[in-house]
$ cat coords18.cif   # mmCIF, C-alpha atoms
data_query
#
loop_
_atom_site.label_atom_id
_atom_site.label_comp_id
_atom_site.auth_asym_id
_atom_site.auth_seq_id
_atom_site.Cartn_x
_atom_site.Cartn_y
_atom_site.Cartn_z
CA MET A 1 -12.72 -29.45 8.38
CA VAL A 2 -11.00 -27.97 5.37
CA VAL A 3 -10.88 -29.72 2.04
CA VAL A 4 -8.11 -27.81 0.33
CA ARG A 5 -4.71 -29.32 0.98
CA LYS A 6 -1.60 -30.64 -0.68
CA HIS A 7 -0.55 -34.25 -1.18
CA VAL A 8 3.21 -34.47 -1.66
CA ARG A 9 4.41 -37.36 -3.79
CA GLY A 10 7.41 -37.89 -6.01
CA VAL A 11 8.66 -34.31 -5.83
CA ARG A 12 12.03 -33.71 -7.35
CA ALA A 13 14.91 -31.92 -5.64
CA LEU A 14 14.64 -28.19 -5.02
CA THR A 15 15.99 -25.99 -7.74
CA SER A 16 15.51 -22.38 -8.68
CA GLY A 17 15.22 -20.85 -12.10
CA ALA A 18 14.45 -17.64 -13.88
CA LEU A 19 11.33 -16.94 -15.89
CA ALA A 20 12.40 -13.88 -17.85
CA LEU A 21 9.29 -11.74 -18.30
CA GLY A 22 10.91 -8.37 -19.01
CA LEU A 23 9.74 -6.73 -15.79
CA ALA A 24 12.47 -4.13 -15.46
CA GLY A 25 12.01 -0.52 -16.48
CA ALA A 26 10.93 2.89 -15.33
CA ALA A 27 7.41 3.34 -14.00
CA LEU A 28 4.71 4.86 -16.18
CA THR A 29 2.05 7.24 -14.94
CA PRO A 30 -1.23 5.25 -14.69
CA ALA A 31 -3.55 6.04 -17.58
CA ALA A 32 -7.06 7.27 -16.89
CA ALA A 33 -9.89 4.77 -16.60
CA HIS A 34 -12.97 4.94 -18.81
CA ASP A 35 -15.95 2.62 -18.31
CA GLY A 36 -13.78 0.40 -16.15
CA VAL A 37 -11.00 0.00 -18.73
CA ARG A 38 -7.85 2.11 -18.78
CA ALA A 39 -7.11 4.01 -21.96
CA ALA A 40 -4.06 3.12 -24.02
CA GLU A 41 -0.89 4.39 -22.39
CA PRO A 42 1.61 6.69 -24.12
CA ALA A 43 4.27 5.03 -26.19
CA GLY A 44 7.51 4.18 -24.39
CA TYR A 45 8.99 1.68 -22.00
CA GLY A 46 7.97 0.86 -18.48
CA PRO A 47 7.08 -2.00 -16.17
CA VAL A 48 5.16 -4.82 -17.76
CA PRO A 49 1.35 -4.32 -17.69
CA VAL A 50 -0.35 -6.94 -15.51
CA VAL A 51 -3.97 -8.01 -15.10
CA TYR A 52 -4.63 -10.08 -11.97
CA ASP A 53 -7.55 -12.54 -12.08
CA SER A 54 -8.35 -14.68 -9.04
CA ASP A 55 -11.09 -16.13 -6.84
CA LEU A 56 -9.81 -13.94 -3.97
CA ASP A 57 -9.56 -16.43 -1.16
CA PHE A 58 -6.87 -16.11 1.51
CA ASP A 59 -3.72 -16.61 -0.56
CA ASP A 60 -5.12 -14.65 -3.52
CA ALA A 61 -5.57 -11.74 -1.10
CA ALA A 62 -1.96 -12.14 0.01
CA THR A 63 -0.98 -12.20 -3.66
CA LEU A 64 -2.83 -8.96 -4.39
CA LEU A 65 -1.10 -7.30 -1.44
CA TYR A 66 2.26 -8.40 -2.87
CA LEU A 67 1.33 -7.10 -6.34
CA CYS A 68 0.34 -3.74 -4.82
CA GLN A 69 3.87 -3.28 -3.50
CA ALA A 70 5.34 -4.45 -6.81
CA ASP A 71 3.26 -1.82 -8.60
CA LYS A 72 4.25 0.95 -6.20
CA ARG A 73 7.92 0.02 -6.63
CA GLY A 74 7.61 0.19 -10.43
CA LEU A 75 8.25 -3.52 -10.95
CA ILE A 76 4.87 -4.06 -12.62
CA ASP A 77 2.02 -1.85 -13.82
CA LEU A 78 -1.14 -3.32 -12.28
CA ARG A 79 -3.75 -2.46 -14.93
CA ALA A 80 -6.82 -4.33 -13.64
CA VAL A 81 -8.00 -6.76 -10.96
CA THR A 82 -10.77 -9.21 -11.77
CA VAL A 83 -12.50 -11.83 -9.66
CA VAL A 84 -13.99 -15.13 -10.75
CA ASN A 85 -17.09 -15.97 -8.71
CA ASN A 86 -17.03 -19.74 -9.18
CA GLY A 87 -13.94 -20.40 -7.09
CA VAL A 88 -13.19 -20.73 -3.40
CA GLY A 89 -13.85 -17.03 -2.71
CA THR A 90 -17.38 -15.84 -1.94
CA PRO A 91 -19.25 -14.12 -4.82
CA GLY A 92 -19.73 -10.42 -4.22
CA ARG A 93 -17.57 -10.44 -1.12
CA SER A 94 -14.47 -11.27 -3.13
CA LEU A 95 -14.79 -8.10 -5.20
CA THR A 96 -15.37 -6.09 -2.03
CA HIS A 97 -12.18 -7.53 -0.54
CA ALA A 98 -10.25 -6.63 -3.70
CA ARG A 99 -11.50 -3.04 -3.48
CA THR A 100 -10.57 -2.87 0.22
CA ILE A 101 -7.03 -4.03 -0.46
CA LEU A 102 -6.50 -1.69 -3.41
CA ALA A 103 -7.87 1.31 -1.49
CA ASN A 104 -5.70 0.65 1.55
CA CYS A 105 -2.66 0.16 -0.70
CA GLY A 106 -3.29 3.52 -2.38
CA LEU A 107 -4.31 1.92 -5.68
CA SER A 108 -8.05 2.59 -5.73
CA HIS A 109 -7.71 3.86 -9.31
CA VAL A 110 -7.11 0.30 -10.55
CA PRO A 111 -10.30 -0.95 -12.29
CA VAL A 112 -12.01 -4.03 -10.84
CA ALA A 113 -14.71 -6.41 -12.06
CA ASP A 114 -16.17 -9.83 -11.36
CA GLY A 115 -17.87 -12.56 -13.37
CA SER A 116 -18.22 -16.26 -14.18
CA GLU A 117 -20.65 -17.40 -11.53
CA GLN A 118 -21.17 -20.85 -13.06
CA TRP A 119 -18.97 -23.84 -12.34
CA VAL A 120 -18.66 -27.33 -13.72
CA ASN A 121 -17.74 -28.72 -10.29
CA GLU A 122 -18.83 -26.84 -7.19
CA PRO A 123 -16.04 -25.53 -4.94
CA PRO A 124 -16.06 -26.76 -1.33
CA PRO A 125 -18.62 -24.66 0.62
CA GLU A 126 -16.80 -25.14 3.92
CA ALA A 127 -13.63 -23.67 2.42
CA ARG A 128 -15.62 -20.70 1.11
CA ALA A 129 -17.10 -20.09 4.55
CA LEU A 130 -13.75 -20.30 6.31
CA PHE A 131 -11.88 -18.00 3.93
CA GLU A 132 -14.67 -15.43 3.92
CA GLN A 133 -14.48 -15.31 7.70
CA VAL A 134 -10.70 -14.98 7.52
CA LEU A 135 -10.71 -12.12 5.00
CA SER A 136 -13.54 -10.12 6.56
CA GLY A 137 -11.72 -10.34 9.87
CA ALA A 138 -8.29 -9.43 8.53
CA LEU A 139 -9.49 -6.65 6.21
CA GLY A 140 -12.16 -5.22 8.51
CA ASP A 141 -14.70 -4.84 5.70
CA ALA A 142 -17.49 -7.13 6.91
CA GLY A 143 -19.96 -4.24 6.91
CA VAL A 144 -19.04 -2.86 3.49
CA PRO A 145 -21.86 -3.43 0.94
CA ASP A 146 -21.02 -5.44 -2.17
CA GLU A 147 -21.23 -3.64 -5.52
CA PRO A 148 -20.70 -5.19 -8.98
CA GLY A 149 -18.03 -3.87 -11.28
CA ALA A 150 -18.75 -1.40 -14.09
CA VAL A 151 -18.12 -4.05 -16.77
CA PRO A 152 -17.99 -7.87 -16.73
CA ALA A 153 -14.64 -9.32 -15.77
CA ALA A 154 -14.04 -10.92 -19.17
CA GLU A 155 -14.57 -7.59 -20.91
CA LEU A 156 -12.28 -5.75 -18.48
CA ILE A 157 -9.52 -8.28 -19.17
CA ALA A 158 -10.01 -8.19 -22.95
CA GLY A 159 -10.41 -4.40 -23.03
CA THR A 160 -7.27 -3.88 -20.98
CA VAL A 161 -5.28 -6.09 -23.34
CA ARG A 162 -6.70 -4.38 -26.44
CA ALA A 163 -5.94 -0.89 -25.05
CA SER A 164 -2.31 -1.61 -24.23
CA ARG A 165 0.49 -0.69 -26.57
CA ARG A 166 2.71 -3.31 -24.98
CA PRO A 167 1.95 -6.97 -24.30
CA VAL A 168 -0.06 -7.54 -21.12
CA THR A 169 0.72 -10.38 -18.72
CA VAL A 170 -2.32 -12.03 -17.14
CA LEU A 171 -1.78 -13.66 -13.76
CA ALA A 172 -4.58 -16.14 -13.02
CA THR A 173 -4.80 -17.85 -9.62
CA GLY A 174 -8.37 -19.16 -9.66
CA PRO A 175 -10.51 -21.14 -12.09
CA LEU A 176 -9.76 -19.95 -15.62
CA SER A 177 -13.36 -19.06 -16.50
CA ASN A 178 -12.83 -15.29 -16.78
CA VAL A 179 -9.63 -15.68 -18.78
CA ALA A 180 -11.20 -18.16 -21.20
CA ALA A 181 -14.16 -15.82 -21.76
CA ALA A 182 -11.77 -12.91 -22.30
CA LEU A 183 -9.88 -14.83 -25.00
CA ASP A 184 -13.16 -15.20 -26.89
CA ARG A 185 -13.37 -11.39 -26.97
CA MET A 186 -9.92 -10.91 -28.49
CA SER A 187 -9.11 -11.00 -32.18
CA PRO A 188 -6.26 -13.21 -33.42
CA ARG A 189 -4.15 -10.10 -33.90
CA THR A 190 -4.80 -8.94 -30.32
CA LEU A 191 -3.90 -12.39 -29.01
CA HIS A 192 -0.67 -12.36 -30.98
CA ASP A 193 0.42 -8.74 -30.47
CA ARG A 194 -1.12 -7.53 -27.20
CA LEU A 195 -1.33 -10.62 -24.98
CA GLY A 196 2.03 -11.42 -23.47
CA ARG A 197 2.08 -14.33 -21.03
CA VAL A 198 -0.67 -15.99 -19.04
CA VAL A 199 0.83 -17.07 -15.72
CA VAL A 200 -1.40 -19.69 -14.12
CA MET A 201 -1.38 -21.18 -10.65
CA GLY A 202 -2.84 -24.53 -11.52
CA GLY A 203 -2.26 -28.08 -12.57
CA ALA A 204 -0.69 -31.18 -11.05
CA PHE A 205 1.63 -33.43 -13.02
CA ASP A 206 3.75 -35.79 -10.93
CA VAL A 207 1.92 -35.28 -7.61
CA GLY A 208 -1.63 -35.83 -6.37
CA GLY A 209 -4.39 -33.24 -6.27
CA ASN A 210 -5.34 -30.76 -3.57
CA LEU A 211 -9.08 -31.27 -3.21
CA PHE A 212 -10.34 -33.66 -0.56
CA GLY A 213 -13.88 -34.37 0.54
CA SER A 214 -15.53 -33.99 -2.85
CA THR A 215 -18.91 -35.63 -3.21
CA THR A 216 -18.40 -36.12 -6.94
CA GLU A 217 -18.93 -39.78 -7.73
CA GLY A 218 -15.73 -41.54 -8.72
CA PHE A 219 -13.57 -38.48 -8.02
CA ASP A 220 -9.92 -39.60 -7.96
CA ASN A 221 -8.09 -36.48 -6.61
CA THR A 222 -5.47 -36.39 -9.34
CA GLN A 223 -6.35 -32.78 -10.16
CA GLU A 224 -5.65 -29.31 -8.80
CA VAL A 225 -8.75 -27.50 -7.55
CA ASN A 226 -8.72 -24.51 -9.96
CA MET A 227 -8.58 -26.82 -12.97
CA TRP A 228 -11.22 -29.13 -11.48
CA ILE A 229 -13.81 -26.38 -10.97
CA ASP A 230 -13.91 -25.51 -14.69
CA PRO A 231 -11.96 -27.98 -16.86
CA PRO A 232 -13.31 -26.67 -20.23
CA ALA A 233 -12.08 -23.16 -19.38
CA ALA A 234 -8.62 -24.49 -18.56
CA ASP A 235 -8.61 -26.39 -21.86
CA ARG A 236 -9.62 -23.26 -23.80
CA VAL A 237 -6.84 -21.22 -22.25
CA LEU A 238 -4.14 -23.81 -22.86
CA ALA A 239 -5.29 -24.27 -26.46
CA GLY A 240 -6.24 -20.65 -27.18
CA VAL A 241 -3.18 -18.76 -25.96
CA PRO A 242 -0.33 -18.70 -28.49
CA ARG A 243 2.12 -21.57 -28.08
CA ALA A 244 4.45 -21.46 -25.09
CA ARG A 245 2.93 -18.25 -23.67
CA VAL A 246 1.26 -20.00 -20.74
CA SER A 247 3.45 -20.42 -17.67
CA MET A 248 1.95 -22.88 -15.20
CA VAL A 249 2.98 -23.01 -11.55
CA ALA A 250 1.73 -26.48 -10.70
CA LEU A 251 1.21 -28.22 -7.38
CA ASP A 252 4.52 -29.96 -8.02
CA ALA A 253 6.18 -26.55 -7.45
CA THR A 254 3.89 -25.18 -4.73
CA ASN A 255 4.51 -28.30 -2.65
CA HIS A 256 7.87 -26.64 -1.95
CA ALA A 257 6.24 -23.54 -0.44
CA PRO A 258 4.31 -24.63 2.67
CA ILE A 259 3.01 -22.07 5.14
CA THR A 260 4.87 -22.84 8.35
CA PRO A 261 4.42 -21.47 11.89
CA ALA A 262 8.04 -20.28 11.81
CA TYR A 263 7.46 -18.25 8.65
CA VAL A 264 4.21 -16.81 10.01
CA GLU A 265 6.18 -15.61 13.03
CA ARG A 266 8.83 -14.18 10.73
CA LEU A 267 6.13 -12.31 8.78
CA GLY A 268 4.81 -10.77 11.96
CA SER A 269 8.16 -9.71 13.37
CA GLY A 270 9.43 -8.40 10.04
CA ALA A 271 6.34 -6.53 8.81
CA THR A 272 6.97 -2.83 8.12
CA THR A 273 4.21 -2.01 5.60
CA TYR A 274 0.43 -2.26 5.40
CA GLU A 275 0.81 -5.07 2.90
CA ALA A 276 3.08 -7.18 5.11
CA ARG A 277 1.03 -6.56 8.26
CA THR A 278 -2.16 -7.53 6.46
CA VAL A 279 -0.74 -10.78 5.10
CA HIS A 280 0.27 -11.63 8.66
CA ALA A 281 -3.23 -10.74 9.86
CA ILE A 282 -4.74 -13.04 7.23
CA VAL A 283 -2.71 -16.12 8.16
CA THR A 284 -3.28 -15.60 11.90
CA GLN A 285 -7.08 -15.28 11.74
CA PRO A 286 -9.06 -17.92 13.67
CA GLY A 287 -9.22 -21.15 11.70
CA LEU A 288 -5.99 -20.80 9.74
CA PRO A 289 -3.27 -21.33 12.40
CA GLU A 290 -4.68 -24.77 13.18
CA LEU A 291 -4.47 -25.75 9.53
CA VAL A 292 -1.00 -24.26 9.17
CA GLY A 293 0.06 -26.33 12.16
CA GLN A 294 -1.23 -29.46 10.44
CA GLY A 295 1.10 -28.77 7.49
CA ILE A 296 -1.68 -28.66 4.88
CA MET A 297 -1.60 -24.98 3.84
CA TYR A 298 0.66 -23.62 1.10
CA TRP A 299 1.58 -20.34 -0.57
CA TRP A 300 -0.04 -21.56 -3.77
CA ASP A 301 -0.87 -18.28 -5.49
CA THR A 302 1.85 -16.13 -3.98
CA LEU A 303 4.56 -18.42 -5.36
CA ALA A 304 3.18 -17.80 -8.86
CA ALA A 305 3.19 -14.03 -8.30
CA VAL A 306 6.72 -13.93 -6.89
CA SER A 307 8.02 -15.97 -9.83
CA LEU A 308 6.30 -13.56 -12.22
CA VAL A 309 7.64 -10.38 -10.62
CA THR A 310 11.17 -11.52 -9.80
CA GLY A 311 11.79 -14.22 -12.40
CA GLN A 312 13.09 -16.41 -9.57
CA GLY A 313 12.01 -19.28 -7.38
CA VAL A 314 10.30 -21.57 -9.91
CA ASP A 315 12.00 -23.69 -12.56
CA HIS A 316 9.95 -23.93 -15.77
CA ARG A 317 10.33 -26.41 -18.61
CA ILE A 318 8.44 -26.70 -21.91
CA ARG A 319 5.99 -29.62 -21.78
CA PRO A 320 3.05 -30.57 -24.03
CA VAL A 321 -0.02 -30.08 -21.81
CA ASP A 322 -3.63 -31.20 -22.09
CA VAL A 323 -6.59 -31.20 -19.66
CA VAL A 324 -8.93 -34.11 -18.89
CA LEU A 325 -12.44 -32.75 -19.43
CA ASP A 326 -14.68 -35.29 -17.70
CA GLY A 327 -14.80 -38.45 -15.63
CA PRO A 328 -13.07 -39.11 -12.27
CA SER A 329 -9.94 -37.23 -13.42
CA ALA A 330 -11.75 -34.13 -14.75
CA GLY A 331 -9.42 -31.17 -14.53
CA ARG A 332 -6.26 -33.25 -14.39
CA THR A 333 -3.37 -31.80 -16.38
CA VAL A 334 -1.46 -34.35 -18.39
CA ASP A 335 1.77 -34.34 -20.34
CA VAL A 336 0.93 -35.97 -23.67
CA PRO A 337 2.48 -35.74 -27.17
CA THR A 338 -0.72 -34.20 -28.57
CA GLY A 339 -0.81 -31.46 -25.92
CA THR A 340 -0.03 -27.77 -26.40
CA PRO A 341 3.61 -26.84 -25.58
CA GLN A 342 3.61 -24.54 -22.54
CA HIS A 343 6.00 -23.56 -19.76
CA VAL A 344 5.39 -25.81 -16.74
CA GLY A 345 6.88 -25.11 -13.33
CA THR A 346 7.23 -28.28 -11.28
CA THR A 347 10.12 -27.44 -8.92
CA ALA A 348 10.70 -24.46 -6.66
CA ASP A 349 13.11 -23.07 -4.09
CA GLY A 350 10.97 -22.60 -0.98
CA ALA A 351 13.57 -20.74 1.07
CA LEU A 352 14.27 -18.30 -1.74
CA PHE A 353 10.54 -17.73 -2.19
CA GLU A 354 10.12 -16.88 1.50
CA ASP A 355 12.90 -14.30 1.32
CA LEU A 356 11.57 -12.74 -1.89
CA PHE A 357 7.96 -12.67 -0.68
CA LEU A 358 8.74 -10.94 2.61
CA ALA A 359 11.11 -8.49 0.97
CA GLY A 360 8.50 -7.67 -1.68
CA LEU A 361 5.74 -7.12 0.89
CA ASN A 362 8.04 -4.72 2.74
CA GLY A 363 8.92 -2.79 -0.41
CA ARG A 364 12.48 -4.02 -0.65
#
$ encode --input "coords18.cif" --output "structure tokens"
Amino acid sequence: MVVVRKHVRGVRALTSGALALGLAGAALTPAAAHDGVRAAEPAGYGPVPVVYDSDLDFDDAATLLYLCQADKRGLIDLRAVTVVNNGVGTPGRSLTHARTILANCGLSHVPVADGSEQWVNEPPPEARALFEQVLSGALGDAGVPDEPGAVPAAELIAGTVRASRRPVTVLATGPLSNVAAALDRMSPRTLHDRLGRVVVMGGAFDVGGNLFGSTTEGFDNTQEVNMWIDPPAADRVLAGVPRARVSMVALDATNHAPITPAYVERLGSGATTYEARTVHAIVTQPGLPELVGQGIMYWWDTLAAVSLVTGQGVDHRIRPVDVVLDGPSAGRTVDVPTGTPQHVGTTADGALFEDLFLAGLNGR
């Protein structure tokens, strides 16, 4: 039924590590928005500015809910939310879901935008249909009309980075089309001075891919789905971001964070906030519990977000990374001497992640 799953092979022992991103500090008052882009904030220290770009399927929605609590607690400053329309989320509906979540979290002032409707490889339509059903049911916004953002997603990302006086971290949990287009809109000085890290959920190194059922001729399933949908965009990001500023949370790491029935029950019994209750509602919508029971669903994107906010749960190492652009392995990430050195997360502490994720959703 569903074509998005994990294939666990050759995973190393669980370890945890810190990815120090400088997230501590006092909260800043959100700056006013103008034409969809926040103005530059006053000088001073505060939580790290974050732009979240995703395809807004089920675990991206859970990730946004987690980031809302992190923003309200002063752990991050969520500057913008953008949606890529060529991923597993449904175009138009994904932006509506993002607005619903932000409004219900009390963060409707955060600018939103969508873009990048073209793909190199089409995402699985059955997965799109399932996750749209799941999110409309959990969020209760099936009747809300879809409206485009005030500016294209790439411009919102680039404008937010340009307007910031401190380096902005971009968290990307879908195809990297929006992020790649945003890089093209930044000057070399902006890239060097204003862009902090790009934290990516994507890639597969020592494990198989997570896309089954593709009709692409000769497809070999060595690649992670986000990279497969738009390999040239992934290549542009890895090559275009300053050296060692990309932090990849690969399938090797997310294989350690399965969604289990026991944890779903724990989410439900321990939920004390809108964010926690809504994540529980998402993973208990019709269609998902069956897949969770089969052991093929993972906290892909949420693991990346938790590692960003807390600096814990994922162990990163510098590796030279490149992306296969075409052929049966299109989108595969490879460790080669000619690759760009980046931080690659290939191991994770699943139990620690579960504790941190639930605590974060509940504002603790």
$ residues_around --input "coords18.cif" --residues "segment 259-271 of chain A" --least-positions-apart "6" --cutoff "7 Å" --atoms "only C-alpha atoms" --output "list in words"
Arg277, His280, Val292, Gly293, Met297, Tyr298, Trp299, Leu358 and Asn362 of chain A
$ write_last_selection --input "coords18.cif" --atoms "C-alpha atoms" --output "mmCIF file, keeping the file's coordinate frame"
data_model
loop_
_atom_site.group_PDB
_atom_site.id
_atom_site.type_symbol
_atom_site.label_atom_id
_atom_site.label_comp_id
_atom_site.auth_asym_id
_atom_site.auth_seq_id
_atom_site.Cartn_x
_atom_site.Cartn_y
_atom_site.Cartn_z
ATOM 1 C CA ARG A 277 1.030 -6.560 8.260
ATOM 2 C CA HIS A 280 0.270 -11.630 8.660
ATOM 3 C CA VAL A 292 -1.000 -24.260 9.170
ATOM 4 C CA GLY A 293 0.060 -26.330 12.160
ATOM 5 C CA MET A 297 -1.600 -24.980 3.840
ATOM 6 C CA TYR A 298 0.660 -23.620 1.100
ATOM 7 C CA TRP A 299 1.580 -20.340 -0.570
ATOM 8 C CA LEU A 358 8.740 -10.940 2.610
ATOM 9 C CA ASN A 362 8.040 -4.720 2.740
#
$ resolve_selection --input "coords18.cif" --expression "the PyMOL selection byres ((chain A and resi 195-200) around 9)" --output "PDB file with C-alpha atoms, in the frame of the given file"
ATOM      1  CA  LEU A  21       9.290 -11.740 -18.300  1.00  0.00           C
ATOM      2  CA  VAL A 161      -5.280  -6.090 -23.340  1.00  0.00           C
ATOM      3  CA  ARG A 162      -6.700  -4.380 -26.440  1.00  0.00           C
ATOM      4  CA  ARG A 166       2.710  -3.310 -24.980  1.00  0.00           C
ATOM      5  CA  PRO A 167       1.950  -6.970 -24.300  1.00  0.00           C
ATOM      6  CA  VAL A 168      -0.060  -7.540 -21.120  1.00  0.00           C
ATOM      7  CA  THR A 169       0.720 -10.380 -18.720  1.00  0.00           C
ATOM      8  CA  VAL A 170      -2.320 -12.030 -17.140  1.00  0.00           C
ATOM      9  CA  LEU A 171      -1.780 -13.660 -13.760  1.00  0.00           C
ATOM     10  CA  ALA A 172      -4.580 -16.140 -13.020  1.00  0.00           C
ATOM     11  CA  THR A 173      -4.800 -17.850  -9.620  1.00  0.00           C
ATOM     12  CA  GLY A 174      -8.370 -19.160  -9.660  1.00  0.00           C
ATOM     13  CA  LEU A 176      -9.760 -19.950 -15.620  1.00  0.00           C
ATOM     14  CA  VAL A 179      -9.630 -15.680 -18.780  1.00  0.00           C
ATOM     15  CA  THR A 190      -4.800  -8.940 -30.320  1.00  0.00           C
ATOM     16  CA  LEU A 191      -3.900 -12.390 -29.010  1.00  0.00           C
ATOM     17  CA  HIS A 192      -0.670 -12.360 -30.980  1.00  0.00           C
ATOM     18  CA  ASP A 193       0.420  -8.740 -30.470  1.00  0.00           C
ATOM     19  CA  ARG A 194      -1.120  -7.530 -27.200  1.00  0.00           C
ATOM     20  CA  MET A 201      -1.380 -21.180 -10.650  1.00  0.00           C
ATOM     21  CA  GLY A 202      -2.840 -24.530 -11.520  1.00  0.00           C
ATOM     22  CA  GLY A 203      -2.260 -28.080 -12.570  1.00  0.00           C
ATOM     23  CA  VAL A 237      -6.840 -21.220 -22.250  1.00  0.00           C
ATOM     24  CA  VAL A 241      -3.180 -18.760 -25.960  1.00  0.00           C
ATOM     25  CA  PRO A 242      -0.330 -18.700 -28.490  1.00  0.00           C
ATOM     26  CA  ALA A 244       4.450 -21.460 -25.090  1.00  0.00           C
ATOM     27  CA  ARG A 245       2.930 -18.250 -23.670  1.00  0.00           C
ATOM     28  CA  VAL A 246       1.260 -20.000 -20.740  1.00  0.00           C
ATOM     29  CA  SER A 247       3.450 -20.420 -17.670  1.00  0.00           C
ATOM     30  CA  MET A 248       1.950 -22.880 -15.200  1.00  0.00           C
ATOM     31  CA  VAL A 249       2.980 -23.010 -11.550  1.00  0.00           C
ATOM     32  CA  ALA A 250       1.730 -26.480 -10.700  1.00  0.00           C
ATOM     33  CA  ASP A 301      -0.870 -18.280  -5.490  1.00  0.00           C
ATOM     34  CA  ALA A 304       3.180 -17.800  -8.860  1.00  0.00           C
ATOM     35  CA  ALA A 305       3.190 -14.030  -8.300  1.00  0.00           C
ATOM     36  CA  LEU A 308       6.300 -13.560 -12.220  1.00  0.00           C
TER      37      LEU A 308
END
$ resolve_selection --input "coords18.cif" --expression "the PyMOL selection byres ((chain A and resi 66) around 8)" --output "list in words"
Ala62, Thr63, Leu64, Leu65, Leu67, Cys68, Gln69, Ala70, Glu275, Thr302, Ala305, Phe357, Gly360 and Leu361 of chain A
$ atom_distance --input "coords18.cif" --atom1 "atom CA of Ala154 of chain A" --atom2 "atom CA of Leu183 of chain A"
8.2 Å
$ resolve_selection --input "coords18.cif" --expression "the PyMOL selection byres ((chain A and resi 322) around 6)" --output "list in words"
Val321, Val323, Thr333, Val334 and Gly339 of chain A
$ closest_residue --input "coords18.cif" --among "A:Asp60, A:Asp53, A:Asp114, A:Asp220" --to "Arg79 of chain A" --atoms "only C-alpha atoms"
A:Asp53
$ closest_residue --input "coords18.cif" --among "A:Asp235, A:Asp146, A:Glu117, A:Asp206" --to "Ala180 of chain A" --atoms "only C-alpha atoms"
A:Asp235
$ residues_around --input "coords18.cif" --residues "Asp230 of chain A" --least-positions-apart "3" --cutoff "10 Å" --atoms "all atoms listed in the file" --output "PyMOL selection string"
chain A and resi 86-87+118-123+174-177+225-227+233-235+325+330-331
$ write_last_selection --input "coords18.cif" --atoms "C-alpha atoms" --output "mmCIF file, in the frame of the given file"
data_model
loop_
_atom_site.group_PDB
_atom_site.id
_atom_site.type_symbol
_atom_site.label_atom_id
_atom_site.label_comp_id
_atom_site.auth_asym_id
_atom_site.auth_seq_id
_atom_site.Cartn_x
_atom_site.Cartn_y
_atom_site.Cartn_z
ATOM 1 C CA ASN A 86 -17.030 -19.740 -9.180
ATOM 2 C CA GLY A 87 -13.940 -20.400 -7.090
ATOM 3 C CA GLN A 118 -21.170 -20.850 -13.060
ATOM 4 C CA TRP A 119 -18.970 -23.840 -12.340
ATOM 5 C CA VAL A 120 -18.660 -27.330 -13.720
ATOM 6 C CA ASN A 121 -17.740 -28.720 -10.290
ATOM 7 C CA GLU A 122 -18.830 -26.840 -7.190
ATOM 8 C CA PRO A 123 -16.040 -25.530 -4.940
ATOM 9 C CA GLY A 174 -8.370 -19.160 -9.660
ATOM 10 C CA PRO A 175 -10.510 -21.140 -12.090
ATOM 11 C CA LEU A 176 -9.760 -19.950 -15.620
ATOM 12 C CA SER A 177 -13.360 -19.060 -16.500
ATOM 13 C CA VAL A 225 -8.750 -27.500 -7.550
ATOM 14 C CA ASN A 226 -8.720 -24.510 -9.960
ATOM 15 C CA MET A 227 -8.580 -26.820 -12.970
ATOM 16 C CA ALA A 233 -12.080 -23.160 -19.380
ATOM 17 C CA ALA A 234 -8.620 -24.490 -18.560
ATOM 18 C CA ASP A 235 -8.610 -26.390 -21.860
ATOM 19 C CA LEU A 325 -12.440 -32.750 -19.430
ATOM 20 C CA ALA A 330 -11.750 -34.130 -14.750
ATOM 21 C CA GLY A 331 -9.420 -31.170 -14.530
#
$ residues_around --input "coords18.cif" --residues "Ala138 of chain A" --least-positions-apart "2" --cutoff "7 Å" --atoms "all atoms listed in the file" --output "number ranges by chain"
A: 134-136, 140, 278, 281-282, 285
$ atom_distance --input "coords18.cif" --atom1 "atom CA of Val336 of chain A" --atom2 "atom CA of Pro320 of chain A"
5.8 Å
$ closest_residue --input "coords18.cif" --among "A:Gly143, A:Gly159, A:Pro125, A:Pro231" --to "His97 of chain A" --atoms "only C-alpha atoms"
A:Gly143
$ atom_distance --input "coords18.cif" --atom1 "atom CA of Asn178 of chain A" --atom2 "atom CA of Arg236 of chain A"
11.1 Å
